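Shown here: protein-v3.txt, compact mmCIF, C-alpha atoms and all ligand atoms.
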```txt
# COMPACT_ATOMS: atom_id res chain seq x y z
CA MET M 124 126.73 204.38 -73.49
CA PRO M 125 130.20 203.36 -72.25
CA LYS M 126 133.11 204.65 -74.30
CA SER M 127 135.77 202.78 -72.31
CA ALA M 128 136.59 199.12 -71.85
CA TYR M 129 138.79 197.33 -69.32
CA ILE M 130 140.07 193.85 -70.17
CA HIS M 131 141.66 191.76 -67.42
CA ILE M 132 144.55 189.45 -68.30
CA PRO M 133 145.37 187.61 -65.05
CA PHE M 134 148.58 185.79 -66.01
CA CYS M 135 151.84 186.66 -64.27
CA ALA M 136 155.27 185.06 -64.48
CA HIS M 137 155.54 185.26 -60.73
CA LYS M 138 153.31 186.28 -57.82
CA CYS M 139 154.69 189.33 -56.00
CA ASP M 140 154.61 189.07 -52.22
CA PHE M 141 152.23 192.00 -51.69
CA CYS M 142 149.83 191.39 -54.57
CA ASP M 143 146.11 191.12 -53.95
CA PHE M 144 144.93 191.39 -57.57
CA ALA M 145 143.13 188.62 -59.43
CA VAL M 146 146.26 186.86 -60.69
CA VAL M 147 147.22 183.33 -61.73
CA THR M 148 150.68 181.81 -62.14
CA ASN M 149 151.86 178.52 -63.68
CA LEU M 150 148.76 178.34 -65.87
CA GLU M 151 150.39 179.29 -69.17
CA SER M 152 148.84 176.23 -70.85
CA ARG M 153 145.41 177.81 -70.28
CA ILE M 154 146.20 181.18 -71.89
CA PRO M 155 144.62 180.30 -75.28
CA GLU M 156 141.44 178.99 -73.61
CA TYR M 157 141.25 182.10 -71.42
CA CYS M 158 141.66 184.53 -74.31
CA GLN M 159 139.06 182.68 -76.39
CA THR M 160 136.67 182.95 -73.45
CA VAL M 161 137.26 186.70 -73.09
CA ALA M 162 136.59 187.10 -76.81
CA LYS M 163 133.38 185.08 -76.39
CA GLU M 164 132.37 187.24 -73.44
CA ILE M 165 132.88 190.40 -75.51
CA ARG M 166 130.83 188.97 -78.39
CA GLU M 167 127.97 187.83 -76.21
CA ARG M 168 127.79 190.94 -74.05
CA LEU M 169 127.94 193.33 -76.99
CA SER M 170 126.10 191.59 -79.82
CA ASN M 171 122.64 193.06 -80.36
CA LYS M 172 123.61 195.91 -78.06
CA GLU M 173 123.69 199.42 -79.37
CA SER M 174 127.12 200.76 -78.57
CA SER M 175 129.29 203.73 -79.40
CA SER M 176 132.90 203.28 -80.45
CA LEU M 177 135.44 203.14 -77.66
CA ASP M 178 137.64 206.11 -76.76
CA THR M 179 139.80 204.17 -74.32
CA VAL M 180 140.78 200.53 -73.91
CA PHE M 181 142.87 199.28 -70.99
CA TYR M 182 144.48 195.84 -70.81
CA GLY M 183 145.22 195.40 -67.10
CA GLY M 184 146.10 192.50 -64.89
CA GLY M 185 147.94 190.51 -64.01
CA THR M 186 150.55 191.13 -66.67
CA PRO M 187 148.97 191.49 -70.12
CA GLY M 188 152.49 192.07 -71.44
CA TYR M 189 153.45 188.54 -70.34
CA ILE M 190 151.25 186.66 -72.82
CA ASP M 191 151.79 186.08 -76.54
CA PRO M 192 150.75 189.25 -78.41
CA GLN M 193 148.79 187.06 -80.85
CA GLU M 194 146.45 186.10 -78.00
CA LEU M 195 145.89 189.78 -77.25
CA ALA M 196 145.33 190.46 -80.95
CA GLN M 197 142.42 188.03 -80.96
CA ILE M 198 140.73 189.88 -78.09
CA HIS M 199 141.47 193.27 -79.59
CA GLN M 200 140.05 192.26 -82.96
CA THR M 201 136.84 191.14 -81.25
CA LEU M 202 136.55 194.52 -79.52
CA ILE M 203 137.02 196.29 -82.84
CA GLU M 204 134.35 194.12 -84.43
CA TYR M 205 131.74 194.31 -81.68
CA ALA M 206 132.29 197.74 -80.11
CA GLY M 207 134.46 199.67 -82.55
CA ILE M 208 137.54 201.61 -81.46
CA ASN M 209 137.94 205.26 -82.43
CA LYS M 210 140.93 206.23 -84.54
CA ASN M 211 142.34 208.42 -81.77
CA ALA M 212 141.51 206.05 -78.93
CA GLU M 213 143.94 205.62 -76.04
CA VAL M 214 144.82 201.91 -75.91
CA THR M 215 146.92 201.00 -72.87
CA LEU M 216 148.67 197.78 -71.95
CA GLU M 217 150.01 197.08 -68.47
CA THR M 218 153.23 195.17 -68.13
CA THR M 219 156.14 194.41 -65.89
CA PRO M 220 159.40 195.77 -67.32
CA ASN M 221 161.03 192.35 -67.64
CA ALA M 222 158.23 191.13 -69.92
CA ILE M 223 159.17 193.73 -72.56
CA THR M 224 161.30 192.94 -75.59
CA VAL M 225 161.63 195.06 -78.72
CA GLU M 226 159.91 192.33 -80.78
CA LYS M 227 157.00 192.03 -78.37
CA ALA M 228 156.57 195.78 -78.05
CA SER M 229 156.57 196.10 -81.86
CA ALA M 230 153.85 193.46 -82.00
CA TRP M 231 151.81 195.42 -79.43
CA ARG M 232 152.07 198.50 -81.64
CA ASP M 233 150.92 196.45 -84.65
CA ILE M 234 147.85 195.37 -82.69
CA GLY M 235 146.95 199.02 -81.97
CA ILE M 236 148.33 199.53 -78.47
CA ASN M 237 149.64 203.09 -78.18
CA ARG M 238 150.33 203.51 -74.46
CA LEU M 239 152.27 201.35 -72.00
CA SER M 240 151.88 201.34 -68.25
CA ILE M 241 155.06 199.80 -66.82
CA GLY M 242 155.15 198.66 -63.19
CA ILE M 243 158.69 199.42 -62.10
CA GLU M 244 157.69 200.03 -58.45
CA SER M 245 161.26 200.87 -57.30
CA VAL M 246 164.72 201.33 -58.78
CA ASN M 247 166.43 200.08 -55.63
CA ASP M 248 167.32 196.40 -55.87
CA HIS M 249 167.09 195.69 -52.15
CA GLU M 250 163.54 197.13 -52.07
CA LEU M 251 162.53 195.11 -55.13
CA THR M 252 163.82 191.98 -53.39
CA ALA M 253 162.13 192.93 -50.12
CA MET M 254 158.75 193.25 -51.82
CA GLY M 255 159.16 190.04 -53.81
CA ARG M 256 159.38 191.46 -57.34
CA ASP M 257 161.06 189.27 -59.94
CA HIS M 258 163.05 192.00 -61.69
CA THR M 259 166.03 194.17 -60.89
CA ARG M 260 166.63 197.86 -61.46
CA ALA M 261 168.76 197.03 -64.53
CA GLN M 262 165.97 194.91 -66.04
CA ALA M 263 163.47 197.70 -65.37
CA LEU M 264 165.58 200.21 -67.28
CA LEU M 265 166.18 197.75 -70.12
CA GLY M 266 162.43 197.15 -70.39
CA VAL M 267 161.72 200.87 -70.75
CA LYS M 268 164.49 201.15 -73.35
CA ALA M 269 163.08 198.23 -75.35
CA ALA M 270 159.63 199.88 -75.35
CA GLN M 271 161.14 203.12 -76.61
CA GLU M 272 163.15 201.32 -79.27
CA ALA M 273 159.95 199.78 -80.53
CA GLY M 274 158.50 203.27 -80.90
CA PHE M 275 156.50 203.83 -77.70
CA SER M 276 156.66 207.38 -76.36
CA ASN M 277 153.44 207.42 -74.35
CA ILE M 278 154.79 205.48 -71.38
CA ALA M 279 153.46 205.62 -67.82
CA ILE M 280 155.62 204.44 -64.93
CA ASP M 281 154.19 203.03 -61.70
CA LEU M 282 156.13 203.38 -58.46
CA MET M 283 155.32 202.43 -54.88
CA TYR M 284 156.26 204.01 -51.57
CA GLY M 285 155.91 202.95 -47.96
CA LEU M 286 157.91 199.82 -48.88
CA PRO M 287 159.84 197.63 -46.46
CA GLU M 288 163.47 198.78 -46.21
CA GLN M 289 162.60 202.10 -47.93
CA THR M 290 163.95 205.36 -46.53
CA LEU M 291 163.32 208.97 -47.47
CA ASP M 292 166.73 209.03 -49.17
CA SER M 293 166.11 205.88 -51.20
CA TRP M 294 162.70 207.23 -52.25
CA GLN M 295 164.29 210.49 -53.37
CA THR M 296 166.81 208.51 -55.45
CA CYS M 297 164.03 206.40 -56.92
CA LEU M 298 161.97 209.45 -57.90
CA GLU M 299 164.90 211.35 -59.36
CA GLN M 300 166.20 208.42 -61.38
CA THR M 301 162.75 207.54 -62.69
CA LEU M 302 161.90 211.13 -63.59
CA SER M 303 165.27 211.55 -65.32
CA LEU M 304 163.99 209.08 -67.94
CA GLY M 305 161.83 211.99 -69.15
CA LEU M 306 158.65 209.89 -69.52
CA PRO M 307 155.32 211.69 -69.68
CA HIS M 308 153.36 209.97 -66.89
CA LEU M 309 154.01 208.85 -63.33
CA SER M 310 151.72 207.09 -60.84
CA ALA M 311 152.85 206.39 -57.30
CA TYR M 312 150.78 204.54 -54.73
CA ALA M 313 151.41 203.78 -51.07
CA LEU M 314 151.84 200.07 -50.41
CA THR M 315 148.74 198.50 -48.89
CA LEU M 316 149.22 195.10 -47.39
CA ALA M 317 146.58 192.43 -47.90
CA THR M 318 145.88 190.47 -44.70
CA ASN M 319 147.28 187.21 -45.99
CA SER M 320 150.16 188.51 -48.03
CA PRO M 321 153.59 186.86 -47.61
CA LEU M 322 155.00 190.38 -47.30
CA LEU M 323 152.95 191.04 -44.18
CA ARG M 324 154.18 187.80 -42.66
CA ARG M 325 157.79 188.82 -43.34
CA TYR M 326 157.32 192.44 -42.27
CA PRO M 327 154.49 192.55 -39.70
CA LEU M 328 152.86 195.93 -39.08
CA GLY M 329 155.05 198.02 -36.82
CA SER M 330 158.24 196.17 -37.76
CA PRO M 331 161.26 198.51 -37.92
CA GLN M 332 161.81 197.94 -41.66
CA MET M 333 158.33 199.26 -42.49
CA PRO M 334 157.93 203.05 -42.87
CA ASP M 335 155.43 204.40 -40.33
CA ASP M 336 152.57 206.80 -41.19
CA ASP M 337 154.70 209.91 -40.66
CA LEU M 338 157.43 208.64 -42.96
CA SER M 339 154.87 207.61 -45.61
CA ALA M 340 153.37 211.11 -45.40
CA SER M 341 156.82 212.64 -45.94
CA MET M 342 157.28 210.33 -48.93
CA TYR M 343 154.02 211.59 -50.42
CA GLU M 344 155.14 215.21 -49.94
CA MET M 345 158.44 214.35 -51.61
CA LEU M 346 156.62 212.67 -54.50
CA VAL M 347 154.51 215.75 -55.24
CA ASP M 348 157.44 218.19 -54.91
CA THR M 349 159.79 216.12 -57.06
CA ALA M 350 157.25 215.37 -59.79
CA LEU M 351 156.25 219.05 -60.07
CA LYS M 352 159.88 220.11 -60.13
CA ALA M 353 160.46 217.69 -63.01
CA GLY M 354 157.76 219.46 -65.03
CA LEU M 355 154.88 217.04 -64.54
CA GLU M 356 151.45 218.29 -63.47
CA GLN M 357 149.48 216.58 -60.75
CA TYR M 358 146.00 215.71 -62.02
CA GLU M 359 144.90 213.24 -59.35
CA VAL M 360 145.99 212.35 -55.82
CA SER M 361 148.50 209.75 -57.07
CA ASN M 362 148.92 210.68 -60.75
CA PHE M 363 151.16 213.13 -62.58
CA ALA M 364 151.58 213.83 -66.28
CA ARG M 365 152.94 216.18 -68.85
CA PRO M 366 150.18 218.25 -70.49
CA GLY M 367 148.19 216.04 -72.85
CA PHE M 368 149.35 212.77 -71.26
CA SER M 369 146.84 212.27 -68.42
CA SER M 370 145.33 208.80 -68.54
CA ARG M 371 142.06 209.23 -70.42
CA HIS M 372 140.97 205.78 -69.30
CA ASN M 373 141.40 206.54 -65.60
CA LEU M 374 139.60 209.86 -66.05
CA THR M 375 136.57 207.79 -67.09
CA TYR M 376 136.53 206.29 -63.60
CA TRP M 377 137.16 209.59 -61.82
CA GLN M 378 134.47 211.36 -63.83
CA ASN M 379 132.07 208.60 -62.77
CA ASP M 380 131.34 207.64 -66.39
CA GLU M 381 130.21 204.16 -67.38
CA TYR M 382 132.64 201.54 -68.73
CA TYR M 383 132.70 197.94 -69.90
CA GLY M 384 134.74 195.23 -68.19
CA PHE M 385 135.70 191.83 -69.60
CA GLY M 386 137.68 188.94 -68.15
CA LEU M 387 138.38 187.41 -64.76
CA SER M 388 137.03 189.58 -61.91
CA ALA M 389 136.59 192.52 -64.29
CA HIS M 390 134.37 195.31 -63.00
CA ARG M 391 131.89 197.16 -65.20
CA TYR M 392 129.48 200.04 -64.84
CA VAL M 393 126.84 199.73 -67.51
CA ASP M 394 123.21 200.94 -67.62
CA GLY M 395 123.46 202.32 -64.09
CA THR M 396 124.62 198.98 -62.64
CA ARG M 397 128.00 197.99 -61.29
CA SER M 398 128.91 194.32 -61.43
CA HIS M 399 132.00 192.18 -61.50
CA ASN M 400 132.86 188.81 -62.95
CA TRP M 401 133.89 185.72 -60.99
CA ARG M 402 137.29 185.97 -59.36
CA SER M 403 137.85 182.21 -59.45
CA PHE M 404 139.68 181.30 -62.67
CA ASN M 405 137.76 178.08 -63.36
CA ARG M 406 134.42 179.57 -62.39
CA TYR M 407 134.95 182.46 -64.80
CA LEU M 408 135.78 180.06 -67.64
CA ASP M 409 132.64 178.04 -66.90
CA ASP M 410 130.36 181.03 -66.43
CA TYR M 411 131.87 184.04 -68.18
CA LEU M 412 128.57 185.93 -68.24
CA GLY M 413 127.91 185.32 -64.54
CA HIS M 414 128.78 187.81 -61.85
CA GLU M 415 130.17 187.69 -58.34
CA SER M 416 128.42 190.93 -57.36
CA LEU M 417 125.86 193.27 -58.84
CA GLU M 418 124.68 196.62 -57.53
CA VAL M 419 122.17 198.96 -59.08
CA ILE M 420 123.56 202.43 -58.46
CA ASP M 421 120.78 204.62 -57.12
CA ARG M 422 120.82 208.40 -57.36
CA GLU M 423 122.14 208.87 -53.82
CA THR M 424 125.08 206.50 -54.38
CA ARG M 425 125.86 208.15 -57.70
CA VAL M 426 126.04 211.56 -56.03
CA LYS M 427 128.35 210.30 -53.27
CA GLU M 428 130.60 208.52 -55.76
CA ALA M 429 130.81 211.64 -57.91
CA ILE M 430 131.93 213.69 -54.88
CA ILE M 431 134.58 211.18 -53.81
CA LEU M 432 135.93 210.59 -57.31
CA GLY M 433 135.76 214.24 -58.38
CA LEU M 434 137.61 215.51 -55.34
CA ARG M 435 140.50 213.13 -55.98
CA THR M 436 141.28 215.08 -59.14
CA THR M 437 143.09 218.39 -59.02
CA ALA M 438 140.36 219.82 -61.28
CA GLY M 439 138.04 219.37 -58.29
CA ILE M 440 134.27 219.80 -58.46
CA ASN M 441 132.68 222.82 -60.08
CA LEU M 442 129.63 223.42 -57.90
CA GLN M 443 127.46 224.78 -60.72
CA GLU M 444 128.28 221.89 -63.08
CA PHE M 445 127.71 219.39 -60.29
CA GLU M 446 124.25 220.84 -59.62
CA THR M 447 123.40 220.71 -63.31
CA SER M 448 124.56 217.07 -63.63
CA TYR M 449 123.28 215.66 -60.35
CA GLY M 450 120.60 218.12 -59.18
CA VAL M 451 122.38 218.60 -55.86
CA ASN M 452 123.65 221.86 -54.42
CA LEU M 453 126.71 220.71 -52.51
CA LEU M 454 126.84 223.82 -50.30
CA SER M 455 123.25 223.31 -49.15
CA ARG M 456 123.75 219.59 -48.68
CA PHE M 457 127.25 219.42 -47.15
CA GLY M 458 127.83 223.08 -46.19
CA GLU M 459 128.86 222.30 -42.62
CA LYS M 460 131.29 219.55 -43.58
CA ILE M 461 132.79 221.67 -46.36
CA ALA M 462 133.24 224.63 -43.97
CA GLU M 463 134.86 222.38 -41.36
CA PHE M 464 137.31 220.92 -43.89
CA THR M 465 138.03 224.38 -45.28
CA ASP M 466 138.86 225.61 -41.74
CA GLN M 467 141.18 222.64 -41.33
CA GLN M 468 142.87 223.55 -44.63
CA LEU M 469 141.84 220.28 -46.24
CA PHE M 470 139.57 221.98 -48.84
CA TYR M 471 139.73 225.25 -50.69
CA SER M 472 137.49 226.91 -53.25
CA SER M 473 138.38 228.89 -56.31
CA ASP M 474 136.11 229.98 -59.19
CA ASN M 475 133.14 228.21 -57.62
CA THR M 476 135.16 224.98 -57.68
CA LEU M 477 135.87 222.87 -54.61
CA LYS M 478 139.29 221.22 -54.39
CA LEU M 479 141.48 219.30 -51.97
CA THR M 480 144.53 221.14 -50.66
CA ARG M 481 147.91 219.37 -50.58
CA LYS M 482 147.13 218.36 -46.99
CA GLY M 483 143.67 217.21 -48.11
CA MET M 484 145.26 215.07 -50.85
CA LEU M 485 147.60 213.49 -48.30
CA LEU M 486 144.64 212.64 -46.05
CA SER M 487 142.21 212.01 -48.91
CA ASN M 488 141.33 208.45 -47.86
CA LEU M 489 140.20 209.69 -44.45
CA VAL M 490 138.63 212.95 -45.61
CA LEU M 491 136.57 211.50 -48.45
CA THR M 492 135.01 208.72 -46.34
CA GLU M 493 133.16 211.54 -44.54
CA PHE M 494 130.98 211.80 -47.65
CA VAL M 495 130.05 208.12 -47.79
S1 LIG U 501 153.24 191.62 -61.54
FE1 LIG U 501 151.59 192.95 -60.78
S2 LIG U 501 149.73 191.74 -60.98
FE2 LIG U 501 151.44 190.30 -61.20
S3 LIG U 501 151.75 189.50 -59.15
FE3 LIG U 501 153.13 191.26 -59.33
S4 LIG U 501 151.92 193.03 -58.56
FE4 LIG U 501 150.49 191.32 -58.93
```

Let me see the structure of the file written as structure tokens.
Ligand code: SF4
Amino acid sequence: MPKSAYIHIPFCAHKCDFCDFAVVTNLESRIPEYCQTVAKEIRERLSNKESSSLDTVFYGGGTPGYIDPQELAQIHQTLIEYAGINKNAEVTLETTPNAITVEKASAWRDIGINRLSIGIESVNDHELTAMGRDHTRAQALLGVKAAQEAGFSNIAIDLMYGLPEQTLDSWQTCLEQTLSLGLPHLSAYALTLATNSPLLRRYPLGSPQMPDDDLSASMYEMLVDTALKAGLEQYEVSNFARPGFSSRHNLTYWQNDEYYGFGLSAHRYVDGTRSHNWRSFNRYLDDYLGHESLEVIDRETRVKEAIILGLRTTAGINLQEFETSYGVNLLSRFGEKIAEFTDQQLFYSSDNTLKLTRKGMLLSNLVLTEFV
């Protein structure tokens, strides 16, 4: 039974030039209708369903921090009523820094939110402008301060690298200044450009302002070195945390556990089936129990997913535990591939556990597709 729930809040004050998420802008008048629909979806999906209380809840988007906290409260109350939320649950809300005020952050705490994930992306103003963000470095820092003033200490910062106009020096500055805030969690992802994004039109692939693959690789190396030096531990390819502050919600995904999903385009993995809701805003409102895709996960797919997700974590895959859970001996099944990657210093084994090396982490997207 899922013990995690993802709730998608698609509203944003502004559409960033690189964004390919399910996002809507200039539809503030429809926020109440949307939130009522999400609450209805929760009620109808969960009523008459045996469920266990949730250990993690994640409000993602979009910018959940943009909407009136009272609208969130309505959704959260429905989750409490129909699923139950454990006393020690991790309840995360994603937000842009400029959506945070002390009053709003206090209201989030009153609702039961105990972790913030703040998308700062960069602390260099010219990079923020280049990527079409609607906040400055100063606003980003003020947002973090407001969250702290309201009592949040479990704060995760998101950064991006491989940005237009970004250099190794500016990335170093960004990492050092962000880490000097002393926050317990950092995620950093390489920019991926959607085919139709305005950013790609402004900075076509190969344009001199865009870091090439070698520079992006150096940025990743710098990320790992700087985060470790600042006392964070790496627990996944792109995620770092102080002990006890790893994202429990994201670990649900990486451990291949089931989870609920509610809201526009939300993905779920329930009863061995992955599905996701309509991505069109109006279609979702009209048919909130419908789905855009549905896939029954057979045993073979489950095994492959567990390999790919497990290897992204620094804990790696314990071969004995994997065999007990999935009935597959990885050395018998993929012995040749594992030996080849070990020779290439992409994999290593310790205590019967298979892990990616630093080089393997850097090339993880390429390496892990070999198991698909
Ligand atoms: S704030 Fe986040 S979700 Fe909203 S448009 Fe920008 S990148 Fe996309």

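Note that the spacing between CA of Trp401 in chain M and CA of Ile130 in chain M amounts to 13.7 Å.
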
Using 7 Å as the limit and counting only C-alpha atoms and all ligand atoms, can you tabulate each residue of chain M that touches ligand LIG 501 (chain U), with its shortest atom-to-atom distance in Å and the two atoms involved, as CSV?
```
residue,atom,partner,partner_atom,distance
M:Cys135,CA,U:LIG501,FE2,4.8
M:His137,CA,U:LIG501,S3,5.9
M:Lys138,CA,U:LIG501,S3,3.8
M:Cys139,CA,U:LIG501,FE3,4.2
M:Phe141,CA,U:LIG501,S4,7.0
M:Cys142,CA,U:LIG501,FE4,4.4
M:Asp143,CA,U:LIG501,FE4,6.6
M:Phe144,CA,U:LIG501,FE4,5.7
M:Val146,CA,U:LIG501,S2,6.0
M:Gly184,CA,U:LIG501,S2,5.4
M:Gly185,CA,U:LIG501,S2,3.7
M:Thr186,CA,U:LIG501,FE2,5.6
M:Thr219,CA,U:LIG501,S1,5.9
M:Arg256,CA,U:LIG501,FE3,6.6
```

Selection: 12 Å around range 150-167 of chain M, all atoms listed in the file, excl. self and same-chain fewer than 4 positions, as number ranges by chain: M: 128-137, 146, 171-172, 182, 187, 189-207, 383-389, 400, 404-413

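Nearest-residue note for Leu316 in chain M: choosing from M:Leu351, M:Ala228, M:Ala263, M:Met254, the minimum distance belongs to M:Met254, counting only C-alpha atoms.
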
Shell of 9 Å around range 286-288 of chain M, all atoms listed in the file, local chain residues under 4 positions omitted, as a PyMOL selection string: chain M and resi 249-250+253-254+313-314+322+326+330-334+339

Within 10 Å of Gly274 in chain M using only C-alpha atoms, minus same-chain residues under 6 positions, as a ChimeraX atom specification: /M:225,228-229,232,237,268

Contact residues around Ala462 in chain M with only C-alpha atoms at 12 Å, ignoring same-chain residues under 5 positions, as a ChimeraX atom specification: /M:453-457,467-472,477

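Proximity ranking of M:Tyr343, M:His372, M:Gly329, M:Leu323 relative to Trp294 in chain M places M:Tyr343 first, based on all atoms listed in the file.
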
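For the pair CA of Leu169 in chain M and CA of Gln378 in chain M, the separation is 23.3 Å.
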
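For the point (144.2, 198.8, -70.7), the residues with an atom at a distance of at most 7 Å are Tyr129, Ile130, Val180, Phe181, Tyr182, Gly183, Val214, Thr215, Leu216 and Glu217 of chain M, counting only C-alpha atoms.
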
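The coordinates place CA of Asn277 in chain M at 5.0 Å from CA of Arg238 in chain M.
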